[in-house]
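Trainee: Have a look at the structure that comes next, please.
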Amino acid sequence: TAGGTWVGPAGASSGTFDPAIDPPGDYTYTISGVPPCVDASATVTVALNPSPNAGSDGALVFCSNSAPESLSTGLGGTPSLGGTWTGPNGAMSGIFDPSLAPAGSYVYTVTGAAPCPSSSATVAVTVNALLDAGSDASTTLCETAGATALIGLLGGTPDPGGVWTDPSNQVFAGSITPAAATSGAYTYTIVGAAPCPSASSTLNVTINVQPDAGSDATLNLCTASAAVDLFASLGGAPDAGGTWSGPGGPIGNTTFTPGNSAPGAYTYAIAAQAPCVASAATVTVNVSAQPSAGVSAPLSVCSSSGSTPLLPILGATALPGGSWTDPSGAPSTGSFTPGSSPDGAYTYTILGVAPCPDAQA
């Protein structure tokens, strides 16, 4: 019957229970009776179940080598204890190990006692990869090498995408041309995505000079020529410090003296530091004999004499094989016949092989 009064654990009550502010317990409803009727009472026992709190959604970022961590640190608010975790692979303990578990959404659920509903919150987990810059290494290049990518010369298996700095700490693309580069420490750095650290490694580069022995040359001399410096006869711009070898083997004196030195191939060689290669160039020396036409001499004959060969008149040093001209410059047989040959100067000429000059008598 309406019209009664309510009394609860905290005293008089309106008869409406507000779980947010009213305590649980016995709430008694009483209707006063009109005598001789007695009062009537009835009691409602209210049980108040706590509302479960899984906290609020959050996020965690790990590095692939991070230590295992409780996912609860990623929840917001004040989540209740005793809930359960599920992830991409199903139920799990709530301890996330980035070396074993995948990134993704991990849900924390606190089960509610009826009529309270369960409460859930999600932690979005990101796992950033620990980058590898390889390991320190050393390499030696020759200055004649072409453009060289340095990442392949580091130790280990460095990941791509890093930044290179040269010995002057200037950023460059990661490829060097030895002829235009300097020896020193080249550093490769990969910037890690937090909480992963950055990684770096160093490549110590030594650039060796390619020796230059010059270029091949041919030296033509005469037996009467002056002594010649073989080094000065090389083509190009040869470096000093090499060694010479000739037809008879190694030589210590680079002066070639016609008549004393043997003609042939004289090779100049310079050793190199690997990976540069040795350099060599050859001076081929040709020595031609200086021809001798003998010594000019007079010849007097009687008009009745027979034909006289002229070559013996020039002396023992006159070599055969030349040509004669008569006093008018016309070709001559080299014999003088009185009565038919004109008086005058008969010239004997032997052609010289350059650089030897022609010889005449």
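Residues in the structure tokens are numbered from 1 in each chain, the chains being A, B, ... in the order shown, and ligands are numbered from 1 in the order shown.
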For the strand (DSSP E or B) assignment from backbone DSSP, which residues of stretch 63-175 of chain A qualify? Please present them as a ChimeraX atom specification.

Mentor: /A:63,69-70,76,84-87,90-92,95-96,104-110,119-128,135,137-142,148-149,155,163-165,171-172,175

Trainee: Can you pull out the residues contacting A:Ala272? Cut-off 9 Å, using only C-alpha atoms, and skip same-chain residues under 6 positions away; I want them as a list in words.

Mentor: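 Once the nearby chain positions are removed, what remains is Asn208, Val209, Gln210, Pro211, Ala278 and Ser279 of chain A.
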
Trainee: Considering only C-alpha atoms, return as a PDB file with N, CA and C atoms, in the first residue's frame whatever protein or nucleic-acid residues lie within 6 Å of stretch 81-84 of chain A, sequence-local ones (same chain, fewer than 2 positions apart) excluded.

Mentor:
```pdb
ATOM      1  N   TYR A 108      42.390  -5.330 -22.366  1.00  0.00           N
ATOM      2  CA  TYR A 108      42.306  -5.684 -20.946  1.00  0.00           C
ATOM      3  C   TYR A 108      40.839  -5.678 -20.553  1.00  0.00           C
ATOM      4  N   THR A 109      40.351  -6.772 -19.985  1.00  0.00           N
ATOM      5  CA  THR A 109      38.939  -6.910 -19.636  1.00  0.00           C
ATOM      6  C   THR A 109      38.796  -7.254 -18.158  1.00  0.00           C
ATOM      7  N   VAL A 110      37.956  -6.462 -17.454  1.00  0.00           N
ATOM      8  CA  VAL A 110      37.569  -6.752 -16.070  1.00  0.00           C
ATOM      9  C   VAL A 110      36.109  -7.179 -16.095  1.00  0.00           C
TER      10      VAL A 110
END
```

Trainee: Got a sec: who's within 12 Å of A:Cys356, counting only C-alpha atoms, leaving out chain neighbours fewer than 6 positions off, as a PDB file with N, CA and C atoms, in the first residue's frame?

Mentor:
```pdb
ATOM      1  N   ASN A 220     116.087   6.835 -81.192  1.00  0.00           N
ATOM      2  CA  ASN A 220     116.990   6.507 -82.296  1.00  0.00           C
ATOM      3  C   ASN A 220     118.259   7.346 -82.156  1.00  0.00           C
ATOM      4  N   LEU A 221     119.396   6.656 -82.092  1.00  0.00           N
ATOM      5  CA  LEU A 221     120.676   7.327 -81.901  1.00  0.00           C
ATOM      6  C   LEU A 221     121.650   6.905 -82.991  1.00  0.00           C
ATOM      7  N   CYS A 222     122.675   7.687 -83.086  1.00  0.00           N
ATOM      8  CA  CYS A 222     123.788   7.371 -83.978  1.00  0.00           C
ATOM      9  C   CYS A 222     124.980   7.012 -83.110  1.00  0.00           C
ATOM     10  N   THR A 223     125.902   6.224 -83.656  1.00  0.00           N
ATOM     11  CA  THR A 223     127.094   5.867 -82.867  1.00  0.00           C
ATOM     12  C   THR A 223     127.887   7.099 -82.461  1.00  0.00           C
ATOM     13  N   ALA A 224     127.682   8.172 -83.178  1.00  0.00           N
ATOM     14  CA  ALA A 224     128.394   9.402 -82.849  1.00  0.00           C
ATOM     15  C   ALA A 224     127.571  10.333 -81.959  1.00  0.00           C
ATOM     16  N   SER A 225     126.347   9.919 -81.575  1.00  0.00           N
ATOM     17  CA  SER A 225     125.490  10.778 -80.761  1.00  0.00           C
ATOM     18  C   SER A 225     126.054  10.916 -79.359  1.00  0.00           C
ATOM     19  N   ALA A 226     125.634  11.988 -78.681  1.00  0.00           N
ATOM     20  CA  ALA A 226     126.021  12.203 -77.297  1.00  0.00           C
ATOM     21  C   ALA A 226     125.240  11.256 -76.384  1.00  0.00           C
ATOM     22  N   PRO A 258     126.031   5.773 -76.648  1.00  0.00           N
ATOM     23  CA  PRO A 258     126.194   5.003 -77.886  1.00  0.00           C
ATOM     24  C   PRO A 258     127.635   4.510 -78.038  1.00  0.00           C
ATOM     25  N   ASN A 286     117.467   2.375 -80.493  1.00  0.00           N
ATOM     26  CA  ASN A 286     118.067   1.909 -81.737  1.00  0.00           C
ATOM     27  C   ASN A 286     119.323   2.747 -82.007  1.00  0.00           C
ATOM     28  N   VAL A 287     120.433   2.066 -82.294  1.00  0.00           N
ATOM     29  CA  VAL A 287     121.696   2.767 -82.563  1.00  0.00           C
ATOM     30  C   VAL A 287     122.134   2.436 -83.982  1.00  0.00           C
ATOM     31  N   SER A 288     122.194   3.447 -84.809  1.00  0.00           N
ATOM     32  CA  SER A 288     122.645   3.269 -86.191  1.00  0.00           C
ATOM     33  C   SER A 288     124.104   3.693 -86.310  1.00  0.00           C
ATOM     34  N   ALA A 289     124.845   2.950 -87.144  1.00  0.00           N
ATOM     35  CA  ALA A 289     126.267   3.275 -87.326  1.00  0.00           C
ATOM     36  C   ALA A 289     126.413   4.563 -88.140  1.00  0.00           C
ATOM     37  N   GLN A 290     127.369   5.389 -87.744  1.00  0.00           N
ATOM     38  CA  GLN A 290     127.675   6.597 -88.509  1.00  0.00           C
ATOM     39  C   GLN A 290     128.448   6.181 -89.761  1.00  0.00           C
ATOM     40  N   PRO A 291     127.880   6.419 -90.959  1.00  0.00           N
ATOM     41  CA  PRO A 291     128.587   5.974 -92.178  1.00  0.00           C
ATOM     42  C   PRO A 291     129.882   6.776 -92.402  1.00  0.00           C
ATOM     43  N   SER A 292     130.845   6.116 -93.061  1.00  0.00           N
ATOM     44  CA  SER A 292     132.125   6.789 -93.385  1.00  0.00           C
ATOM     45  C   SER A 292     132.345   6.735 -94.902  1.00  0.00           C
ATOM     46  N   ILE A 350     127.414   8.480 -98.839  1.00  0.00           N
ATOM     47  CA  ILE A 350     126.736   7.349 -98.183  1.00  0.00           C
ATOM     48  C   ILE A 350     125.623   7.937 -97.312  1.00  0.00           C
TER      49      ILE A 350
END
```

Trainee: Mind checking which residues fall within 9 Å of A:Trp324, counting only C-alpha atoms, ignoring those fewer than 6 positions away in the same chain, and posting them as JSON, numbers by chain?

Mentor: {"A": [330, 331, 332, 333, 334, 346, 347, 348, 349]}

Trainee: Which residues are close to A:Ala42, i.e. within 12 Å by only C-alpha atoms, leaving aside same-chain residues fewer than 2 positions away? Reply as a PDB file with N, CA and C atoms, in the first residue's frame.

Mentor:
```
ATOM      1  N   THR A   1       0.846  -1.184   0.000  1.00  0.00           N
ATOM      2  CA  THR A   1       0.000   0.000   0.000  1.00  0.00           C
ATOM      3  C   THR A   1       0.883   1.237   0.000  1.00  0.00           C
ATOM      4  N   GLY A   4       3.481   4.759   2.771  1.00  0.00           N
ATOM      5  CA  GLY A   4       4.338   4.421   3.887  1.00  0.00           C
ATOM      6  C   GLY A   4       5.629   5.226   3.900  1.00  0.00           C
ATOM      7  N   THR A   5       6.533   4.834   4.813  1.00  0.00           N
ATOM      8  CA  THR A   5       7.845   5.515   4.916  1.00  0.00           C
ATOM      9  C   THR A   5       8.938   4.483   4.849  1.00  0.00           C
ATOM     10  N   TRP A   6      10.119   4.997   4.369  1.00  0.00           N
ATOM     11  CA  TRP A   6      11.300   4.122   4.223  1.00  0.00           C
ATOM     12  C   TRP A   6      12.389   4.535   5.200  1.00  0.00           C
ATOM     13  N   VAL A   7      13.045   3.508   5.730  1.00  0.00           N
ATOM     14  CA  VAL A   7      14.209   3.735   6.588  1.00  0.00           C
ATOM     15  C   VAL A   7      15.310   2.776   6.135  1.00  0.00           C
ATOM     16  N   GLY A   8      16.492   3.349   5.910  1.00  0.00           N
ATOM     17  CA  GLY A   8      17.609   2.512   5.465  1.00  0.00           C
ATOM     18  C   GLY A   8      18.775   2.570   6.428  1.00  0.00           C
ATOM     19  N   ASP A  26      19.721  -3.080   4.432  1.00  0.00           N
ATOM     20  CA  ASP A  26      18.264  -3.314   4.537  1.00  0.00           C
ATOM     21  C   ASP A  26      17.519  -1.988   4.511  1.00  0.00           C
ATOM     22  N   TYR A  27      16.566  -1.925   3.623  1.00  0.00           N
ATOM     23  CA  TYR A  27      15.688  -0.751   3.523  1.00  0.00           C
ATOM     24  C   TYR A  27      14.265  -1.216   3.889  1.00  0.00           C
ATOM     25  N   THR A  28      13.712  -0.644   4.992  1.00  0.00           N
ATOM     26  CA  THR A  28      12.415  -1.100   5.533  1.00  0.00           C
ATOM     27  C   THR A  28      11.316  -0.102   5.204  1.00  0.00           C
ATOM     28  N   TYR A  29      10.194  -0.671   4.693  1.00  0.00           N
ATOM     29  CA  TYR A  29       9.019   0.130   4.328  1.00  0.00           C
ATOM     30  C   TYR A  29       7.930  -0.130   5.375  1.00  0.00           C
ATOM     31  N   THR A  30       7.437   0.935   5.965  1.00  0.00           N
ATOM     32  CA  THR A  30       6.446   0.784   7.057  1.00  0.00           C
ATOM     33  C   THR A  30       5.196   1.601   6.740  1.00  0.00           C
ATOM     34  N   ILE A  31       4.018   0.945   6.939  1.00  0.00           N
ATOM     35  CA  ILE A  31       2.737   1.635   6.807  1.00  0.00           C
ATOM     36  C   ILE A  31       2.040   1.592   8.185  1.00  0.00           C
ATOM     37  N   ASP A  39       0.701  -1.732  12.668  1.00  0.00           N
ATOM     38  CA  ASP A  39       1.564  -1.288  11.567  1.00  0.00           C
ATOM     39  C   ASP A  39       2.024  -2.491  10.737  1.00  0.00           C
ATOM     40  N   ALA A  40       2.318  -2.223   9.456  1.00  0.00           N
ATOM     41  CA  ALA A  40       2.838  -3.279   8.557  1.00  0.00           C
ATOM     42  C   ALA A  40       4.211  -2.845   8.002  1.00  0.00           C
ATOM     43  N   VAL A  44      13.530  -4.487   2.012  1.00  0.00           N
ATOM     44  CA  VAL A  44      14.278  -4.779   0.775  1.00  0.00           C
ATOM     45  C   VAL A  44      15.761  -4.768   1.129  1.00  0.00           C
ATOM     46  N   THR A  45      16.424  -5.892   0.917  1.00  0.00           N
ATOM     47  CA  THR A  45      17.874  -5.958   1.164  1.00  0.00           C
ATOM     48  C   THR A  45      18.599  -5.666  -0.141  1.00  0.00           C
TER      49      THR A  45
END
```

Trainee: Smallest atom-to-atom distance to A:Asp57: which of A:Gly339, A:Gly74, A:Gly33, A:Pro357, using only C-alpha atoms?

Mentor: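 For A:Asp57, the nearest of the given residues is A:Gly74.
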
Trainee: Calculate how many Å separate atom CA of A:Phe231 from atom CA of A:Ala213, rounding to one decimal.

Mentor: 9.5 Å

Trainee: Determine the nearest neighbour of A:Asn128 from the options A:Leu150, A:Cys196, A:Ala20, A:Ala271, counting only C-alpha atoms.

Mentor: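 The answer is A:Cys196, which sits nearest to A:Asn128.
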
Trainee: Select, from A:Leu299, A:Ala124, A:Val38, A:Leu75, the residue with the minimum atom-to-atom distance to A:Gly344, counting only C-alpha atoms.

Mentor: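 Closest to A:Gly344 of all the choices is A:Leu299.
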
Trainee: Could you check the closest approach to A:Leu314 for each of A:Ile270, A:Ala361, A:Ala281, A:Ala114 and tell me which residue wins, using only C-alpha atoms?

Mentor: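 Distance minimum relative to A:Leu314 lands on A:Ala361.
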
Trainee: Given only C-alpha atoms as the basis, pick out the residue of A:Ala59, A:Leu100, A:Ala293, A:Ala185 nearest to A:Leu203.

Mentor: A:Ala185
